[in-house]
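The structure file start00.csv is reproduced below (CSV, C-alpha atoms).
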```csv
chain,number,residue,atom,x,y,z
D,6,MET,CA,62.7,183.3,99.9
D,7,ASP,CA,61.0,185.8,102.3
D,8,HIS,CA,63.1,187.5,104.9
D,9,ASP,CA,61.5,189.8,107.4
D,10,ARG,CA,63.9,192.6,108.1
D,11,ASP,CA,62.2,193.1,111.5
D,12,CYS,CA,63.0,189.6,112.6
D,13,PRO,CA,66.7,188.9,112.1
D,14,GLY,CA,66.4,185.3,113.5
D,15,LEU,CA,63.8,184.3,110.8
D,16,LEU,CA,65.0,181.3,108.8
D,17,PRO,CA,64.7,181.3,105.0
D,18,GLU,CA,61.3,180.3,103.7
D,19,PRO,CA,59.5,180.5,100.3
D,20,ALA,CA,57.3,183.5,99.6
D,21,THR,CA,53.5,182.7,99.5
D,22,ALA,CA,53.5,183.0,95.7
D,23,GLU,CA,56.4,180.5,95.5
D,24,LEU,CA,54.7,177.7,97.4
D,25,GLN,CA,54.5,174.6,95.3
D,26,LEU,CA,51.8,172.0,95.7
D,27,ALA,CA,54.1,169.1,95.1
D,28,CYS,CA,56.5,170.3,97.9
D,29,VAL,CA,53.6,170.9,100.3
D,30,LEU,CA,52.1,167.5,99.7
D,31,HIS,CA,55.5,165.8,99.9
D,32,ALA,CA,56.1,167.4,103.3
D,33,LEU,CA,52.6,166.4,104.5
D,34,ALA,CA,53.1,162.8,103.3
D,35,ASP,CA,55.3,161.9,106.2
D,36,PRO,CA,53.4,160.9,109.4
D,37,ILE,CA,55.9,162.7,111.7
D,38,ARG,CA,55.7,165.9,109.7
D,39,LEU,CA,51.9,165.6,109.5
D,40,ARG,CA,51.8,165.3,113.3
D,41,ILE,CA,54.0,168.4,113.7
D,42,VAL,CA,51.6,170.4,111.4
D,43,ALA,CA,48.5,169.1,113.3
D,44,GLU,CA,50.0,170.1,116.6
D,45,LEU,CA,50.9,173.5,115.3
D,46,ALA,CA,47.4,173.9,113.9
D,47,GLY,CA,46.0,172.9,117.4
D,48,ALA,CA,48.2,175.6,119.0
D,49,GLY,CA,46.0,178.2,117.4
D,50,GLY,CA,48.8,180.4,116.0
D,51,SER,CA,51.0,180.2,119.1
D,52,GLU,CA,54.7,179.6,118.6
D,53,LEU,CA,56.0,176.3,119.7
D,54,ASN,CA,59.6,175.4,120.5
D,55,CYS,CA,61.0,172.4,118.6
D,56,LEU,CA,61.4,170.6,122.0
D,57,ALA,CA,57.7,171.0,122.7
D,58,PHE,CA,57.0,168.1,120.3
D,59,GLU,CA,57.4,164.7,121.8
D,60,LEU,CA,58.4,162.8,118.7
D,61,PRO,CA,59.7,159.2,118.5
D,62,VAL,CA,62.8,160.3,116.5
D,63,THR,CA,66.3,161.5,117.2
D,64,LYS,CA,67.2,165.1,117.5
D,65,SER,CA,68.9,165.2,114.1
D,66,THR,CA,65.8,163.5,112.4
D,67,MET,CA,63.6,166.0,114.1
D,68,THR,CA,65.7,168.9,112.7
D,69,HIS,CA,65.4,167.3,109.3
D,70,HIS,CA,61.6,167.2,109.5
D,71,PHE,CA,61.3,170.8,110.6
D,72,ARG,CA,63.6,171.9,107.8
D,73,VAL,CA,61.5,170.0,105.2
D,74,LEU,CA,58.3,171.7,106.6
D,75,ARG,CA,60.0,175.1,106.5
D,76,GLU,CA,61.4,174.7,103.0
D,77,ALA,CA,58.0,173.6,101.7
D,78,GLY,CA,56.4,176.7,103.2
D,79,LEU,CA,54.3,175.0,105.8
D,80,ILE,CA,55.9,176.5,108.9
D,81,ARG,CA,57.8,179.6,109.8
D,82,GLN,CA,60.8,179.3,112.1
D,83,HIS,CA,62.9,181.9,113.9
D,84,ARG,CA,65.6,181.7,116.4
D,85,ARG,CA,64.9,182.9,119.9
D,86,GLY,CA,68.2,182.6,121.9
D,87,THR,CA,69.3,179.0,121.4
D,88,SER,CA,65.7,177.8,120.5
D,89,LYS,CA,63.9,177.6,117.2
D,90,MET,CA,60.3,178.7,117.5
D,91,ASN,CA,57.7,177.4,115.0
D,92,THR,CA,54.4,178.7,113.7
D,93,LEU,CA,52.1,177.3,111.1
D,94,ARG,CA,51.8,179.4,107.9
D,95,GLY,CA,48.1,178.7,107.8
D,96,ASP,CA,47.1,182.0,106.2
D,97,ASP,CA,49.8,181.8,103.5
D,98,LEU,CA,48.7,178.2,102.7
D,99,ALA,CA,45.0,179.2,102.6
D,100,ALA,CA,45.9,182.1,100.2
D,101,ARG,CA,47.9,179.9,97.8
D,102,PHE,CA,45.9,176.6,98.1
D,103,PRO,CA,42.4,177.4,99.5
D,104,GLY,CA,41.0,174.6,101.7
D,105,LEU,CA,44.0,172.3,101.3
D,106,LEU,CA,45.3,172.5,104.9
D,107,ASP,CA,41.8,172.3,106.3
D,108,ALA,CA,41.0,169.2,104.3
D,109,VAL,CA,44.3,167.4,105.2
D,110,LEU,CA,43.9,168.2,108.9
D,111,ALA,CA,40.2,167.1,108.9
D,112,ALA,CA,41.3,163.7,107.4
D,113,THR,CA,44.1,163.3,109.9
D,114,PRO,CA,43.4,161.2,113.0
D,115,ALA,CA,44.0,163.0,116.3
D,116,CYS,CA,47.2,162.4,118.1
D,117,PRO,CA,46.2,162.3,121.8
D,118,ASN,CA,48.8,163.7,124.2
D,119,THR,CA,48.4,160.6,126.3
D,120,ALA,CA,50.3,158.6,123.6
D,121,PRO,CA,53.3,160.8,122.7
D,122,ASN,CA,54.9,158.1,120.6
D,123,ALA,CA,51.8,157.4,118.5
D,124,VAL,CA,52.3,158.2,114.9
D,125,PRO,CA,49.3,158.5,112.6
D,126,ASN,CA,48.9,155.4,110.3
D,127,ALA,CA,52.0,153.8,111.8
D,128,VAL,CA,52.1,150.0,112.0
D,129,PRO,CA,53.0,148.7,115.4
D,130,ALA,CA,56.4,147.0,115.4
D,131,ALA,CA,55.0,143.6,116.5
D,132,ALA,CA,52.5,143.7,113.6
D,133,ALA,CA,55.3,144.4,111.1
D,134,THR,CA,57.3,141.2,112.0
D,135,PRO,CA,56.6,137.9,110.2
D,136,ALA,CA,56.1,136.1,113.6
D,137,ALA,CA,53.0,138.3,114.2
D,138,SER,CA,51.5,137.4,110.8
D,139,SER,CA,48.9,134.7,110.5
D,140,ALA,CA,50.3,133.7,107.1
D,141,PRO,CA,52.8,130.8,107.1
D,142,ALA,CA,56.4,131.9,106.5
D,143,ALA,CA,57.8,131.3,103.1
D,144,PRO,CA,60.2,128.4,102.9
D,145,VAL,CA,63.9,129.3,102.8
D,146,ALA,CA,65.7,128.3,99.6
D,147,ARG,CA,68.8,126.3,100.2
```
structure tokens encoding of this file:
Amino acid sequence: MDHDRDCPGLLPEPATAELQLACVLHALADPIRLRIVAELAGAGGSELNCLAFELPVTKSTMTHHFRVLREAGLIRQHRRGTSKMNTLRGDDLAARFPGLLDAVLAATPACPNTAPNAVPNAVPAAAATPAASSAPAAPVAR
């Protein structure tokens, strides 16, 4: 794990050479984490506070998602006061897996700020219920 001695609030993260493709892909497979990465990529290298992301999850779940991203090596986090600041490790990812992040982000639908609860590839709740389906319901065995 890298530790920058100049930044005592830096949270542990894997070194660039230690990044594992399976861990990176696992982290990117979740639509919430993919959305976080896409928003950080759109920030152009700027730091974003965890609270800057309007995600449709609880605070504890949000913390989990950020931890998975950090431990996979996708983001860098450091503490600033009581906040955790996040940046995308785009250069490190490009050095280890050239073109991967660009390809994933290019294939990711945009998350407009006008719909903060939109999650890429999410199925609306109404469409996931049997009542919304056009197929007849299966008979109940008695």
Q: Extract, using all atoms listed in the file, all DNA, RNA and protein residues at most 12 Å from stretch 93-96 of chain D, discarding same-chain residues fewer than 6 positions from it, and format them as a VMD selection string.
A: chain D and resid 18 to 21 24 29 39 41 to 53 71 74 to 82 102 to 107 110
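Put simply, atom CA of D:Leu15 is 26.6 Å away from atom CA of D:Pro61.
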Q: State, in Å with one decimal place, the distance from atom CA of D:Pro114 to atom CA of D:His31.
A: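 Between atom CA of D:Pro114 and atom CA of D:His31 the gap is 18.4 Å.
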Q) atom CA of D:Thr87 and atom CA of D:Ala32 are how many Å apart? A) 25.2 Å
(Q) Could you check the closest approach to D:Met90 for each of D:Val73, D:Leu60, D:Leu16, D:Ala22 and tell me which residue wins, using all atoms listed in the file? (A) D:Leu16
